[in-house]
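Heads up, the thing below is written out as structure tokens.
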Amino acid sequence: MTIEPVKKKPLPAGLPREWYESHNRRLKAMRLAISLLDSGTYDARRATNRKIRTMAVRTGVHRPSNVTCKLVRAFIVSNGA
């Protein structure tokens with residue numbers, strides 16, 4: 001049994017630029033948080049900027065900013081770990 005990937009839909013047009021930036025930042029942070037959780041980093045305190053950026057290189061994601069790193073830690077905390 002194979003699972004089909006979710007089909008991407010275009011983003012809605014006409015929203016402020018900040019909305020698109022925030023949306024893409026959340027998606028990037030979510031991907032990084034999932035990768036960190038899969039690799040065994042369950043504690044947000046252990047998810048340093050360096051560790052998050054190393055994971056970004058490993059997964060082929062552009063280098064995250066400090067704000068994105070903070071958001072990654074927030075996602076890990078909200079995971080209940």
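Chain labels A, B, ... are given in the sequence in which chains occur in the structure tokens; within each chain residues are numbered consecutively from 1, and ligands are likewise numbered from 1 in the order shown.
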Write out as a VMD selection string which residues come within 12 Å of A:Asp38 when counting only C-alpha atoms, dropping same-chain ones fewer than 6 positions away.
chain A and resid 31 to 32 55 76
Save the residues we just selected, N, CA and C atoms, as a PDB file, in the first residue's frame?
```
ATOM      1  N   ARG A  31       8.744  21.629   8.672  1.00  0.00           N
ATOM      2  CA  ARG A  31       9.571  20.580   8.076  1.00  0.00           C
ATOM      3  C   ARG A  31      10.809  20.316   8.926  1.00  0.00           C
ATOM      4  N   LEU A  32      11.439  21.383   9.406  1.00  0.00           N
ATOM      5  CA  LEU A  32      12.637  21.221  10.231  1.00  0.00           C
ATOM      6  C   LEU A  32      12.300  20.585  11.578  1.00  0.00           C
ATOM      7  N   MET A  55      20.535  20.523  10.491  1.00  0.00           N
ATOM      8  CA  MET A  55      19.449  19.702   9.951  1.00  0.00           C
ATOM      9  C   MET A  55      18.941  20.285   8.637  1.00  0.00           C
ATOM     10  N   ILE A  76       8.358  22.260  18.438  1.00  0.00           N
ATOM     11  CA  ILE A  76       8.784  21.101  19.218  1.00  0.00           C
ATOM     12  C   ILE A  76       8.129  21.127  20.594  1.00  0.00           C
TER      13      ILE A  76
END
```
With only C-alpha atoms as the counted atoms, please give the residues lying no more than 12 Å from A:Thr59, apart from itself and same-chain residues fewer than 4 positions off, as a list in words.
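Using only C-alpha atoms, the neighbours found are Lys28, Arg31, Leu32, Ala33, Ile34, Ser35, Leu36, Ser39, Ile52, Arg53, Thr54, Met55 and Arg63 of chain A.
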I need the residues from that last selection saved to file as a tab-separated table (two decimals), in the first residue's frame (with N, CA, C and O atoms), if you can.
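Once everything was written out, this is result_22.tsv:
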```tsv
chain	number	residue	atom	x	y	z
A	28	LYS	N	8.46	25.94	6.52
A	28	LYS	CA	9.88	25.59	6.66
A	28	LYS	C	10.16	25.13	8.10
A	28	LYS	O	10.82	24.11	8.32
A	31	ARG	N	8.74	21.63	8.67
A	31	ARG	CA	9.57	20.58	8.08
A	31	ARG	C	10.81	20.32	8.93
A	31	ARG	O	11.18	19.16	9.16
A	32	LEU	N	11.44	21.38	9.41
A	32	LEU	CA	12.64	21.22	10.23
A	32	LEU	C	12.30	20.59	11.58
A	32	LEU	O	13.05	19.73	12.07
A	33	ALA	N	11.19	20.99	12.19
A	33	ALA	CA	10.79	20.41	13.47
A	33	ALA	C	10.51	18.91	13.32
A	33	ALA	O	10.93	18.11	14.15
A	34	ILE	N	9.87	18.52	12.24
A	34	ILE	CA	9.59	17.10	12.01
A	34	ILE	C	10.89	16.33	11.83
A	34	ILE	O	11.06	15.24	12.38
A	35	SER	N	11.83	16.91	11.08
A	35	SER	CA	13.12	16.25	10.88
A	35	SER	C	13.86	16.09	12.20
A	35	SER	O	14.47	15.04	12.46
A	36	LEU	N	13.83	17.12	13.04
A	36	LEU	CA	14.50	17.04	14.33
A	36	LEU	C	13.84	16.00	15.23
A	36	LEU	O	14.53	15.23	15.90
A	39	SER	N	14.80	12.62	14.20
A	39	SER	CA	16.19	12.28	14.52
A	39	SER	C	16.43	12.12	16.02
A	39	SER	O	17.54	11.83	16.44
A	52	ILE	N	19.62	23.12	14.40
A	52	ILE	CA	18.54	23.34	13.43
A	52	ILE	C	19.14	23.63	12.06
A	52	ILE	O	18.68	23.08	11.04
A	53	ARG	N	20.17	24.45	12.01
A	53	ARG	CA	20.79	24.80	10.73
A	53	ARG	C	21.52	23.60	10.12
A	53	ARG	O	21.54	23.45	8.89
A	54	THR	N	22.09	22.76	10.96
A	54	THR	CA	22.73	21.54	10.45
A	54	THR	C	21.68	20.62	9.84
A	54	THR	O	21.90	20.03	8.77
A	55	MET	N	20.54	20.52	10.49
A	55	MET	CA	19.45	19.70	9.95
A	55	MET	C	18.94	20.28	8.64
A	55	MET	O	18.59	19.55	7.72
A	63	ARG	N	19.18	27.89	4.65
A	63	ARG	CA	19.58	28.24	6.02
A	63	ARG	C	18.48	29.07	6.70
A	63	ARG	O	18.12	30.14	6.22
```
Spatial neighbours of stretch 12-22 of chain A, 12 Å, only C-alpha atoms, chain gap at least 6 places, as a list in words
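The residues satisfying every condition are Lys28, Ala29, Val67, Thr68 and Leu71 of chain A.
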Using DSSP secondary structure from the backbone, list all helix (DSSP H, G or I) positions within stretch 12-80 of chain A, as a PyMOL selection string.
chain A and resi 17-38+44-46+49-59+66-78
Same residues, C-alpha atoms, output as a short mmCIF file (atom, residue, chain, number, x, y, z; two decimals), in the first residue's frame:
```cif
data_model
loop_
_atom_site.label_atom_id
_atom_site.label_comp_id
_atom_site.auth_asym_id
_atom_site.auth_seq_id
_atom_site.Cartn_x
_atom_site.Cartn_y
_atom_site.Cartn_z
CA ARG A 17 3.41 40.03 1.23
CA GLU A 18 3.81 39.48 5.00
CA TRP A 19 1.18 36.72 4.86
CA TYR A 20 3.14 34.77 2.23
CA GLU A 21 6.41 35.24 4.13
CA SER A 22 4.81 34.06 7.36
CA HIS A 23 3.16 31.10 5.63
CA ASN A 24 6.40 29.94 4.03
CA ARG A 25 8.31 30.45 7.30
CA ARG A 26 5.80 28.24 9.15
CA LEU A 27 6.07 25.52 6.50
CA LYS A 28 9.88 25.59 6.66
CA ALA A 29 9.85 25.50 10.47
CA MET A 30 7.39 22.62 10.46
CA ARG A 31 9.57 20.58 8.08
CA LEU A 32 12.64 21.22 10.23
CA ALA A 33 10.79 20.41 13.47
CA ILE A 34 9.59 17.10 12.01
CA SER A 35 13.12 16.25 10.88
CA LEU A 36 14.50 17.04 14.33
CA LEU A 37 11.82 14.98 16.06
CA ASP A 38 12.49 12.08 13.69
CA ALA A 44 13.34 22.26 22.48
CA ARG A 45 16.24 23.27 24.72
CA ARG A 46 18.48 20.84 22.83
CA ASN A 49 20.29 27.24 16.20
CA ARG A 50 23.37 25.30 15.15
CA LYS A 51 21.54 21.96 15.33
CA ILE A 52 18.54 23.34 13.43
CA ARG A 53 20.79 24.80 10.73
CA THR A 54 22.73 21.54 10.45
CA MET A 55 19.45 19.70 9.95
CA ALA A 56 18.50 22.24 7.28
CA VAL A 57 21.69 21.43 5.37
CA ARG A 58 21.02 17.69 5.71
CA THR A 59 17.46 18.00 4.43
CA ASN A 66 16.94 33.22 13.96
CA VAL A 67 13.18 33.82 13.82
CA THR A 68 12.62 30.53 12.01
CA CYS A 69 14.83 28.69 14.52
CA LYS A 70 12.71 30.11 17.33
CA LEU A 71 9.57 28.93 15.53
CA VAL A 72 11.06 25.43 15.14
CA ARG A 73 11.58 25.27 18.92
CA ALA A 74 7.98 26.46 19.46
CA PHE A 75 6.72 23.63 17.25
CA ILE A 76 8.78 21.10 19.22
CA VAL A 77 7.38 22.42 22.52
CA SER A 78 3.82 22.34 21.18
#
```
